[in-house]
Amino acid sequence: EPEVTQTPSHQVTQMGQEVILRCVPISNHLYFYWYRQILGQKVEFLVSFYNNEISEKSEIFDDQFSVERPDGSNFTLKIRSTKLEDSAMYFCASSLGVTAGGSVATQYFGPGTRLLVL
Amino acid sequence: AQKVTQAQTEISVVEKEDVTLDCVYETRDTTYYLFWYKQPPSGELVFLIRRNSFDEQNEISGRYSWNFQKSTSSFNFTITASQVVDSAVYFCALSEAGSGNTGKLIFGQGTTLQVKP
């Protein structure tokens with residue numbers, strides 16, 4: 001069964017460093033998402049990506065964040081200058097998307113990358 | 001504004017008991033989707049169910065059942081004859097489907113279910 005994969009599973013970095021989190025969505029999916037979950041809290045939407053551009057982003061997704069689909073399979077989240085408060089689990093998700101008729105497909109999540117900023 | 005509320009932070013039951021997890025949502029859209037995800041101790045998010053706003057039929061899948069009531073904006077989840085393996089955090093989520101929506105999920109705070117042997 002197809003699944004979303006994420007690498008690395010864990011990342012430890014120093015404050016101010018850049019990190020890139022990688023995701024391989026399910027191959028026939030069209031919409032890609034990043035979410036984060038601070039320890040013990042709810043899952044929060046960061047950004048959605050469709051047709052090679054950001055379709056929506058949250059207030060959390062400020063200028064230090066960027067996303068990219070560098071090739072036909074990978075989807076990356078870059079944090080340019082990490083802060084202590086960026087420590088969280090980051091989930092990638094993909095889906096067949098949203099149709100003009102108003103149908104929202106199920107999002108399938110990767111196993112997450114646990115980021116620790118020291 | 002869209003919002004999902006899971007008022008129960010933690011629930012503890014003994015194995016074989018039935019347990020209901022509550023979910024109340026707010027949205028201005030007439031077309032929307034509701035989801036439940038399970039997050040076991042290993043941390044991944046596992047999809048359980050997707051329901052659209054036009055389908056108020058209750059659904060049963062094995063020991064799991066869902067009760068959707070638009071009149072009270074609720075989408076509750078019941079586990080019958082709970083098992084230790086059901087111990088996890090359960091998230092309810094909402095996605096609006098109106099024009100311009102991107103399918104983003106708005107999650108509730110989650111309910112931690114502990115099933116004791």
# chains A, B, ... in the order shown; residues from 1 in each chain; ligands from 1

call {"tool": "closest_atom_pairs", "arguments": {"of": "chain B", "to": "chain A", "cutoff": "10 Å", "atoms": "only C-alpha atoms", "output": "Markdown table"}}
result
| residue | atom | partner | partner_atom | distance |
| --- | --- | --- | --- | --- |
| B:Thr31 | CA | A:Gly102 | CA | 7.0 |
| B:Tyr32 | CA | A:Val104 | CA | 7.9 |
| B:Tyr33 | CA | A:Val104 | CA | 6.8 |
| B:Leu34 | CA | A:Val104 | CA | 9.7 |
| B:Phe35 | CA | A:Thr106 | CA | 8.2 |
| B:Tyr37 | CA | A:Tyr108 | CA | 9.9 |
| B:Ser42 | CA | A:Pro111 | CA | 8.8 |
| B:Gly43 | CA | A:Pro111 | CA | 7.0 |
| B:Glu44 | CA | A:Pro111 | CA | 4.7 |
| B:Leu45 | CA | A:Phe109 | CA | 6.0 |
| B:Val46 | CA | A:Phe109 | CA | 7.3 |
| B:Phe47 | CA | A:Tyr108 | CA | 6.9 |
| B:Leu48 | CA | A:Thr106 | CA | 9.9 |
| B:Ile49 | CA | A:Thr106 | CA | 8.6 |
| B:Arg50 | CA | A:Thr106 | CA | 6.8 |
| B:Arg51 | CA | A:Thr106 | CA | 9.8 |
| B:Asn52 | CA | A:Ser103 | CA | 8.2 |
| B:Val89 | CA | A:Gly40 | CA | 9.9 |
| B:Phe91 | CA | A:Lys42 | CA | 8.1 |
| B:Ala93 | CA | A:Val43 | CA | 9.5 |
| B:Ser95 | CA | A:Val104 | CA | 7.4 |
| B:Glu96 | CA | A:Val104 | CA | 8.0 |
| B:Ala97 | CA | A:Gly102 | CA | 4.9 |
| B:Gly98 | CA | A:Gly102 | CA | 5.9 |
| B:Ser99 | CA | A:Ala100 | CA | 7.3 |
| B:Gly100 | CA | A:Ala100 | CA | 8.9 |
| B:Asn101 | CA | A:Val98 | CA | 7.5 |
| B:Thr102 | CA | A:Val98 | CA | 6.4 |
| B:Gly103 | CA | A:Val104 | CA | 5.9 |
| B:Lys104 | CA | A:Phe45 | CA | 6.8 |
| B:Leu105 | CA | A:Phe45 | CA | 6.7 |
| B:Ile106 | CA | A:Phe45 | CA | 7.0 |
| B:Phe107 | CA | A:Val43 | CA | 6.0 |
| B:Gly108 | CA | A:Lys42 | CA | 6.5 |
| B:Gln109 | CA | A:Lys42 | CA | 4.7 |
| B:Gly110 | CA | A:Lys42 | CA | 6.4 |
| B:Thr111 | CA | A:Lys42 | CA | 9.8 |

call {"tool": "select_by_dssp", "arguments": {"residues": "stretch 33-105 of chain B", "states": "strand (DSSP E)", "output": "PDB file with N, CA, C and O atoms, in the first residue's frame"}}
result
ATOM      1  N   TYR B  33     -15.946  18.600   5.422  1.00  0.00           N
ATOM      2  CA  TYR B  33     -15.628  17.211   5.709  1.00  0.00           C
ATOM      3  C   TYR B  33     -15.081  17.105   7.132  1.00  0.00           C
ATOM      4  O   TYR B  33     -14.393  18.008   7.625  1.00  0.00           O
ATOM      5  N   LEU B  34     -15.395  15.999   7.740  1.00  0.00           N
ATOM      6  CA  LEU B  34     -14.920  15.723   9.092  1.00  0.00           C
ATOM      7  C   LEU B  34     -14.102  14.431   9.083  1.00  0.00           C
ATOM      8  O   LEU B  34     -14.400  13.492   8.328  1.00  0.00           O
ATOM      9  N   PHE B  35     -13.076  14.412   9.906  1.00  0.00           N
ATOM     10  CA  PHE B  35     -12.158  13.282   9.940  1.00  0.00           C
ATOM     11  C   PHE B  35     -11.841  12.912  11.393  1.00  0.00           C
ATOM     12  O   PHE B  35     -11.910  13.741  12.297  1.00  0.00           O
ATOM     13  N   TRP B  36     -11.475  11.674  11.572  1.00  0.00           N
ATOM     14  CA  TRP B  36     -10.846  11.231  12.813  1.00  0.00           C
ATOM     15  C   TRP B  36      -9.519  10.569  12.458  1.00  0.00           C
ATOM     16  O   TRP B  36      -9.429   9.790  11.500  1.00  0.00           O
ATOM     17  N   TYR B  37      -8.501  10.922  13.262  1.00  0.00           N
ATOM     18  CA  TYR B  37      -7.185  10.311  13.144  1.00  0.00           C
ATOM     19  C   TYR B  37      -6.769   9.767  14.503  1.00  0.00           C
ATOM     20  O   TYR B  37      -7.104  10.328  15.547  1.00  0.00           O
ATOM     21  N   LYS B  38      -6.009   8.685  14.461  1.00  0.00           N
ATOM     22  CA  LYS B  38      -5.474   8.073  15.677  1.00  0.00           C
ATOM     23  C   LYS B  38      -3.962   8.306  15.714  1.00  0.00           C
ATOM     24  O   LYS B  38      -3.279   8.132  14.701  1.00  0.00           O
ATOM     25  N   GLN B  39      -3.444   8.706  16.873  1.00  0.00           N
ATOM     26  CA  GLN B  39      -2.008   8.877  17.039  1.00  0.00           C
ATOM     27  C   GLN B  39      -1.546   7.952  18.164  1.00  0.00           C
ATOM     28  O   GLN B  39      -1.633   8.279  19.339  1.00  0.00           O
ATOM     29  N   VAL B  46      -2.795   8.158  12.009  1.00  0.00           N
ATOM     30  CA  VAL B  46      -3.443   7.099  11.236  1.00  0.00           C
ATOM     31  C   VAL B  46      -4.873   7.515  10.934  1.00  0.00           C
ATOM     32  O   VAL B  46      -5.659   7.817  11.843  1.00  0.00           O
ATOM     33  N   PHE B  47      -5.221   7.547   9.663  1.00  0.00           N
ATOM     34  CA  PHE B  47      -6.566   7.916   9.231  1.00  0.00           C
ATOM     35  C   PHE B  47      -7.561   6.856   9.671  1.00  0.00           C
ATOM     36  O   PHE B  47      -7.336   5.651   9.507  1.00  0.00           O
ATOM     37  N   LEU B  48      -8.709   7.323  10.203  1.00  0.00           N
ATOM     38  CA  LEU B  48      -9.768   6.399  10.608  1.00  0.00           C
ATOM     39  C   LEU B  48     -11.023   6.548   9.762  1.00  0.00           C
ATOM     40  O   LEU B  48     -11.578   5.547   9.297  1.00  0.00           O
ATOM     41  N   ILE B  49     -11.489   7.792   9.579  1.00  0.00           N
ATOM     42  CA  ILE B  49     -12.742   7.991   8.854  1.00  0.00           C
ATOM     43  C   ILE B  49     -12.818   9.387   8.266  1.00  0.00           C
ATOM     44  O   ILE B  49     -12.221  10.329   8.799  1.00  0.00           O
ATOM     45  N   ARG B  50     -13.529   9.483   7.161  1.00  0.00           N
ATOM     46  CA  ARG B  50     -13.841  10.750   6.492  1.00  0.00           C
ATOM     47  C   ARG B  50     -15.337  10.772   6.254  1.00  0.00           C
ATOM     48  O   ARG B  50     -15.918   9.800   5.783  1.00  0.00           O
ATOM     49  N   ARG B  51     -15.973  11.906   6.571  1.00  0.00           N
ATOM     50  CA  ARG B  51     -17.417  12.025   6.408  1.00  0.00           C
ATOM     51  C   ARG B  51     -17.744  13.394   5.859  1.00  0.00           C
ATOM     52  O   ARG B  51     -17.237  14.397   6.363  1.00  0.00           O
ATOM     53  N   ASN B  52     -18.589  13.470   4.827  1.00  0.00           N
ATOM     54  CA  ASN B  52     -18.956  14.791   4.313  1.00  0.00           C
ATOM     55  C   ASN B  52     -20.234  15.289   4.967  1.00  0.00           C
ATOM     56  O   ASN B  52     -21.011  14.515   5.531  1.00  0.00           O
ATOM     57  N   GLU B  59     -21.895   5.512  10.934  1.00  0.00           N
ATOM     58  CA  GLU B  59     -21.052   4.505  10.308  1.00  0.00           C
ATOM     59  C   GLU B  59     -20.444   3.590  11.357  1.00  0.00           C
ATOM     60  O   GLU B  59     -20.096   4.033  12.447  1.00  0.00           O
ATOM     61  N   ILE B  60     -20.356   2.341  10.996  1.00  0.00           N
ATOM     62  CA  ILE B  60     -19.761   1.343  11.886  1.00  0.00           C
ATOM     63  C   ILE B  60     -18.671   0.610  11.122  1.00  0.00           C
ATOM     64  O   ILE B  60     -18.859   0.211   9.977  1.00  0.00           O
ATOM     65  N   SER B  61     -17.530   0.458  11.791  1.00  0.00           N
ATOM     66  CA  SER B  61     -16.442  -0.312  11.213  1.00  0.00           C
ATOM     67  C   SER B  61     -15.842  -1.168  12.325  1.00  0.00           C
ATOM     68  O   SER B  61     -15.051  -0.688  13.134  1.00  0.00           O
ATOM     69  N   TYR B  64     -15.512   0.159  15.925  1.00  0.00           N
ATOM     70  CA  TYR B  64     -15.588   1.620  15.848  1.00  0.00           C
ATOM     71  C   TYR B  64     -16.924   2.044  15.244  1.00  0.00           C
ATOM     72  O   TYR B  64     -17.407   1.426  14.289  1.00  0.00           O
ATOM     73  N   SER B  65     -17.482   3.117  15.782  1.00  0.00           N
ATOM     74  CA  SER B  65     -18.678   3.698  15.182  1.00  0.00           C
ATOM     75  C   SER B  65     -18.618   5.206  15.351  1.00  0.00           C
ATOM     76  O   SER B  65     -17.979   5.724  16.280  1.00  0.00           O
ATOM     77  N   TRP B  66     -19.296   5.881  14.422  1.00  0.00           N
ATOM     78  CA  TRP B  66     -19.285   7.332  14.428  1.00  0.00           C
ATOM     79  C   TRP B  66     -20.719   7.846  14.325  1.00  0.00           C
ATOM     80  O   TRP B  66     -21.526   7.329  13.546  1.00  0.00           O
ATOM     81  N   ASN B  67     -21.022   8.865  15.104  1.00  0.00           N
ATOM     82  CA  ASN B  67     -22.339   9.483  15.124  1.00  0.00           C
ATOM     83  C   ASN B  67     -22.211  10.942  14.719  1.00  0.00           C
ATOM     84  O   ASN B  67     -21.626  11.751  15.450  1.00  0.00           O
ATOM     85  N   PHE B  68     -22.750  11.271  13.546  1.00  0.00           N
ATOM     86  CA  PHE B  68     -22.663  12.624  13.008  1.00  0.00           C
ATOM     87  C   PHE B  68     -24.025  13.286  13.159  1.00  0.00           C
ATOM     88  O   PHE B  68     -25.016  12.781  12.639  1.00  0.00           O
ATOM     89  N   GLN B  69     -24.079  14.410  13.850  1.00  0.00           N
ATOM     90  CA  GLN B  69     -25.331  15.143  14.035  1.00  0.00           C
ATOM     91  C   GLN B  69     -25.101  16.606  13.686  1.00  0.00           C
ATOM     92  O   GLN B  69     -24.499  17.354  14.461  1.00  0.00           O
ATOM     93  N   SER B  74     -21.860  17.980  15.875  1.00  0.00           N
ATOM     94  CA  SER B  74     -21.021  17.015  16.579  1.00  0.00           C
ATOM     95  C   SER B  74     -20.718  15.813  15.694  1.00  0.00           C
ATOM     96  O   SER B  74     -21.518  15.433  14.836  1.00  0.00           O
ATOM     97  N   PHE B  75     -19.575  15.239  15.940  1.00  0.00           N
ATOM     98  CA  PHE B  75     -19.137  14.051  15.196  1.00  0.00           C
ATOM     99  C   PHE B  75     -18.398  13.160  16.186  1.00  0.00           C
ATOM    100  O   PHE B  75     -17.183  13.162  16.266  1.00  0.00           O
ATOM    101  N   ASN B  76     -19.164  12.404  16.946  1.00  0.00           N
ATOM    102  CA  ASN B  76     -18.613  11.632  18.053  1.00  0.00           C
ATOM    103  C   ASN B  76     -18.183  10.240  17.614  1.00  0.00           C
ATOM    104  O   ASN B  76     -18.749   9.656  16.689  1.00  0.00           O
ATOM    105  N   PHE B  77     -17.211   9.722  18.321  1.00  0.00           N
ATOM    106  CA  PHE B  77     -16.560   8.457  17.975  1.00  0.00           C
ATOM    107  C   PHE B  77     -16.671   7.510  19.154  1.00  0.00           C
ATOM    108  O   PHE B  77     -16.290   7.875  20.264  1.00  0.00           O
ATOM    109  N   THR B  78     -17.219   6.330  18.902  1.00  0.00           N
ATOM    110  CA  THR B  78     -17.385   5.338  19.959  1.00  0.00           C
ATOM    111  C   THR B  78     -16.567   4.097  19.656  1.00  0.00           C
ATOM    112  O   THR B  78     -16.597   3.589  18.538  1.00  0.00           O
ATOM    113  N   ILE B  79     -15.848   3.648  20.666  1.00  0.00           N
ATOM    114  CA  ILE B  79     -15.133   2.372  20.578  1.00  0.00           C
ATOM    115  C   ILE B  79     -15.866   1.395  21.488  1.00  0.00           C
ATOM    116  O   ILE B  79     -16.033   1.654  22.698  1.00  0.00           O
ATOM    117  N   ALA B  88      -4.294   5.579  22.764  1.00  0.00           N
ATOM    118  CA  ALA B  88      -3.716   6.502  21.785  1.00  0.00           C
ATOM    119  C   ALA B  88      -4.307   7.883  22.026  1.00  0.00           C
ATOM    120  O   ALA B  88      -5.192   8.065  22.863  1.00  0.00           O
ATOM    121  N   VAL B  89      -3.812   8.851  21.250  1.00  0.00           N
ATOM    122  CA  VAL B  89      -4.466  10.156  21.195  1.00  0.00           C
ATOM    123  C   VAL B  89      -5.323  10.163  19.937  1.00  0.00           C
ATOM    124  O   VAL B  89      -4.869   9.759  18.861  1.00  0.00           O
ATOM    125  N   TYR B  90      -6.552  10.599  20.074  1.00  0.00           N
ATOM    126  CA  TYR B  90      -7.472  10.631  18.946  1.00  0.00           C
ATOM    127  C   TYR B  90      -7.798  12.090  18.610  1.00  0.00           C
ATOM    128  O   TYR B  90      -8.166  12.872  19.481  1.00  0.00           O
ATOM    129  N   PHE B  91      -7.635  12.418  17.330  1.00  0.00           N
ATOM    130  CA  PHE B  91      -7.889  13.772  16.861  1.00  0.00           C
ATOM    131  C   PHE B  91      -9.084  13.790  15.919  1.00  0.00           C
ATOM    132  O   PHE B  91      -9.173  12.981  14.992  1.00  0.00           O
ATOM    133  N   CYS B  92      -9.942  14.750  16.138  1.00  0.00           N
ATOM    134  CA  CYS B  92     -11.024  15.067  15.217  1.00  0.00           C
ATOM    135  C   CYS B  92     -10.547  16.260  14.377  1.00  0.00           C
ATOM    136  O   CYS B  92      -9.844  17.148  14.898  1.00  0.00           O
ATOM    137  N   ALA B  93     -10.899  16.300  13.100  1.00  0.00           N
ATOM    138  CA  ALA B  93     -10.434  17.384  12.237  1.00  0.00           C
ATOM    139  C   ALA B  93     -11.522  17.781  11.258  1.00  0.00           C
ATOM    140  O   ALA B  93     -12.384  16.976  10.891  1.00  0.00           O
ATOM    141  N   LEU B  94     -11.471  19.038  10.826  1.00  0.00           N
ATOM    142  CA  LEU B  94     -12.456  19.624   9.924  1.00  0.00           C
ATOM    143  C   LEU B  94     -11.746  20.183   8.701  1.00  0.00           C
ATOM    144  O   LEU B  94     -10.677  20.797   8.819  1.00  0.00           O
ATOM    145  N   SER B  95     -12.339  20.001   7.536  1.00  0.00           N
ATOM    146  CA  SER B  95     -11.835  20.639   6.329  1.00  0.00           C
ATOM    147  C   SER B  95     -13.011  21.243   5.576  1.00  0.00           C
ATOM    148  O   SER B  95     -13.972  20.530   5.255  1.00  0.00           O
ATOM    149  N   GLU B  96     -12.953  22.540   5.328  1.00  0.00           N
ATOM    150  CA  GLU B  96     -14.007  23.187   4.577  1.00  0.00           C
ATOM    151  C   GLU B  96     -13.793  22.946   3.089  1.00  0.00           C
ATOM    152  O   GLU B  96     -12.663  22.844   2.617  1.00  0.00           O
TER     153      GLU B  96
END

call {"tool": "residues_around", "arguments": {"residues": "B:Ala81", "least_positions_apart": "4", "cutoff": "8 Å", "atoms": "only C-alpha atoms", "output": "ChimeraX atom specification"}}
result
/B:15-18,63

call {"tool": "residues_around", "arguments": {"residues": "stretch 7-14 of chain B", "least_positions_apart": "5", "cutoff": "6 Å", "atoms": "only C-alpha atoms", "output": "number ranges by chain"}}
result
B: 111-116

call {"tool": "write_last_selection", "arguments": {"atoms": "C-alpha atoms", "output": "mmCIF file, in the first residue's frame"}}
result
data_model
loop_
_atom_site.group_PDB
_atom_site.id
_atom_site.type_symbol
_atom_site.label_atom_id
_atom_site.label_comp_id
_atom_site.auth_asym_id
_atom_site.auth_seq_id
_atom_site.Cartn_x
_atom_site.Cartn_y
_atom_site.Cartn_z
ATOM 1 C CA THR B 111 -8.309 13.183 23.463
ATOM 2 C CA THR B 112 -5.858 10.838 25.127
ATOM 3 C CA LEU B 113 -7.473 7.455 25.649
ATOM 4 C CA GLN B 114 -5.901 5.035 28.077
ATOM 5 C CA VAL B 115 -7.281 1.520 28.143
ATOM 6 C CA LYS B 116 -6.144 -0.454 31.163
#

call {"tool": "atom_distance", "arguments": {"atom1": "atom CA of A:Val12", "atom2": "atom CA of A:Arg80"}}
result
14.5 Å

call {"tool": "atom_distance", "arguments": {"atom1": "atom CA of B:Thr20", "atom2": "atom CA of B:Glu56"}}
result
17.8 Å

call {"tool": "atom_distance", "arguments": {"atom1": "atom CA of B:Tyr25", "atom2": "atom CA of A:Arg36"}}
result
20.8 Å

call {"tool": "residues_around", "arguments": {"residues": "A:Glu68", "least_positions_apart": "2", "cutoff": "10 Å", "atoms": "only C-alpha atoms", "output": "JSON, numbers by chain"}}
result
{"A": [22, 49, 52, 53, 54, 66, 70, 71, 74, 75, 76, 77, 78]}

call {"tool": "write_last_selection", "arguments": {"atoms": "all heavy atoms", "output": "short mmCIF file (atom, residue, chain, number, x, y, z; two decimals), in the first residue's frame"}}
result
data_model
loop_
_atom_site.label_atom_id
_atom_site.label_comp_id
_atom_site.auth_asym_id
_atom_site.auth_seq_id
_atom_site.Cartn_x
_atom_site.Cartn_y
_atom_site.Cartn_z
N ARG A 22 12.48 16.45 4.61
CA ARG A 22 12.13 15.88 3.32
C ARG A 22 10.94 14.93 3.41
O ARG A 22 10.77 14.22 4.40
CB ARG A 22 13.33 15.16 2.71
CG ARG A 22 14.43 16.11 2.29
CD ARG A 22 15.60 15.43 1.64
NE ARG A 22 16.50 16.40 1.02
CZ ARG A 22 17.40 17.14 1.67
NH1 ARG A 22 17.53 16.99 2.98
NH2 ARG A 22 18.15 18.00 1.03
N PHE A 49 0.29 23.03 -0.75
CA PHE A 49 1.07 23.22 -1.98
C PHE A 49 0.41 22.45 -3.09
O PHE A 49 0.10 21.26 -2.96
CB PHE A 49 2.49 22.68 -1.72
CG PHE A 49 3.52 23.03 -2.76
CD1 PHE A 49 4.22 24.22 -2.68
CD2 PHE A 49 3.83 22.14 -3.78
CE1 PHE A 49 5.20 24.53 -3.61
CE2 PHE A 49 4.79 22.44 -4.71
CZ PHE A 49 5.49 23.64 -4.63
N ASN A 52 2.76 23.24 -8.01
CA ASN A 52 4.07 23.88 -7.84
C ASN A 52 4.05 25.27 -7.21
O ASN A 52 4.97 26.07 -7.44
CB ASN A 52 4.81 23.96 -9.18
CG ASN A 52 5.57 22.68 -9.46
OD1 ASN A 52 6.13 22.07 -8.55
ND2 ASN A 52 5.56 22.26 -10.70
N GLU A 53 3.00 25.53 -6.45
CA GLU A 53 3.00 26.78 -5.72
C GLU A 53 2.22 26.64 -4.42
O GLU A 53 1.40 25.74 -4.27
CB GLU A 53 2.45 27.93 -6.56
CG GLU A 53 1.03 27.74 -7.03
CD GLU A 53 0.56 28.90 -7.91
OE1 GLU A 53 1.43 29.59 -8.50
OE2 GLU A 53 -0.65 29.13 -7.98
N ILE A 54 2.50 27.54 -3.50
CA ILE A 54 1.78 27.55 -2.23
C ILE A 54 0.34 27.98 -2.49
O ILE A 54 0.09 29.00 -3.13
CB ILE A 54 2.45 28.50 -1.23
CG1 ILE A 54 3.81 27.93 -0.78
CG2 ILE A 54 1.55 28.73 -0.01
CD1 ILE A 54 4.61 28.88 0.08
N SER A 66 10.08 27.86 4.03
CA SER A 66 9.84 27.76 2.59
C SER A 66 9.59 26.30 2.24
O SER A 66 10.01 25.40 2.96
CB SER A 66 10.99 28.33 1.78
OG SER A 66 12.18 27.59 2.01
N PRO A 70 11.37 19.94 -5.54
CA PRO A 70 12.52 20.07 -6.44
C PRO A 70 12.50 19.10 -7.62
O PRO A 70 13.15 19.35 -8.63
CB PRO A 70 13.71 19.79 -5.51
CG PRO A 70 13.15 18.97 -4.40
CD PRO A 70 11.74 19.44 -4.21
N ASP A 71 11.77 18.00 -7.48
CA ASP A 71 11.68 17.04 -8.57
C ASP A 71 10.30 16.43 -8.52
O ASP A 71 9.42 16.92 -7.81
CB ASP A 71 12.79 15.98 -8.44
CG ASP A 71 12.80 15.34 -7.06
OD1 ASP A 71 11.70 15.05 -6.53
OD2 ASP A 71 13.88 15.15 -6.49
N ASN A 74 9.96 14.48 -4.48
CA ASN A 74 10.22 15.02 -3.16
C ASN A 74 9.46 16.32 -2.90
O ASN A 74 9.17 17.09 -3.82
CB ASN A 74 11.72 15.28 -2.99
CG ASN A 74 12.52 14.01 -2.90
OD1 ASN A 74 12.54 13.36 -1.86
ND2 ASN A 74 13.15 13.63 -4.00
N PHE A 75 9.17 16.54 -1.63
CA PHE A 75 8.53 17.77 -1.18
C PHE A 75 9.25 18.17 0.10
O PHE A 75 9.31 17.38 1.04
CB PHE A 75 7.04 17.50 -0.93
CG PHE A 75 6.25 18.67 -0.43
CD1 PHE A 75 6.31 19.91 -1.07
CD2 PHE A 75 5.40 18.54 0.65
CE1 PHE A 75 5.57 20.99 -0.63
CE2 PHE A 75 4.64 19.61 1.11
CZ PHE A 75 4.73 20.83 0.47
N THR A 76 9.84 19.36 0.11
CA THR A 76 10.70 19.72 1.23
C THR A 76 10.16 20.94 1.98
O THR A 76 9.51 21.81 1.40
CB THR A 76 12.13 20.01 0.77
OG1 THR A 76 12.12 21.13 -0.12
CG2 THR A 76 12.74 18.81 0.08
N LEU A 77 10.48 20.97 3.26
CA LEU A 77 10.22 22.13 4.12
C LEU A 77 11.57 22.61 4.63
O LEU A 77 12.32 21.84 5.24
CB LEU A 77 9.32 21.75 5.29
CG LEU A 77 9.10 22.84 6.35
CD1 LEU A 77 8.25 23.98 5.79
CD2 LEU A 77 8.41 22.25 7.59
N LYS A 78 11.88 23.87 4.38
CA LYS A 78 13.13 24.45 4.84
C LYS A 78 12.84 25.48 5.92
O LYS A 78 11.94 26.33 5.76
CB LYS A 78 13.89 25.12 3.70
CG LYS A 78 15.23 25.72 4.12
CD LYS A 78 15.83 26.61 3.04
CE LYS A 78 16.33 25.85 1.87
NZ LYS A 78 17.03 26.73 0.89
#
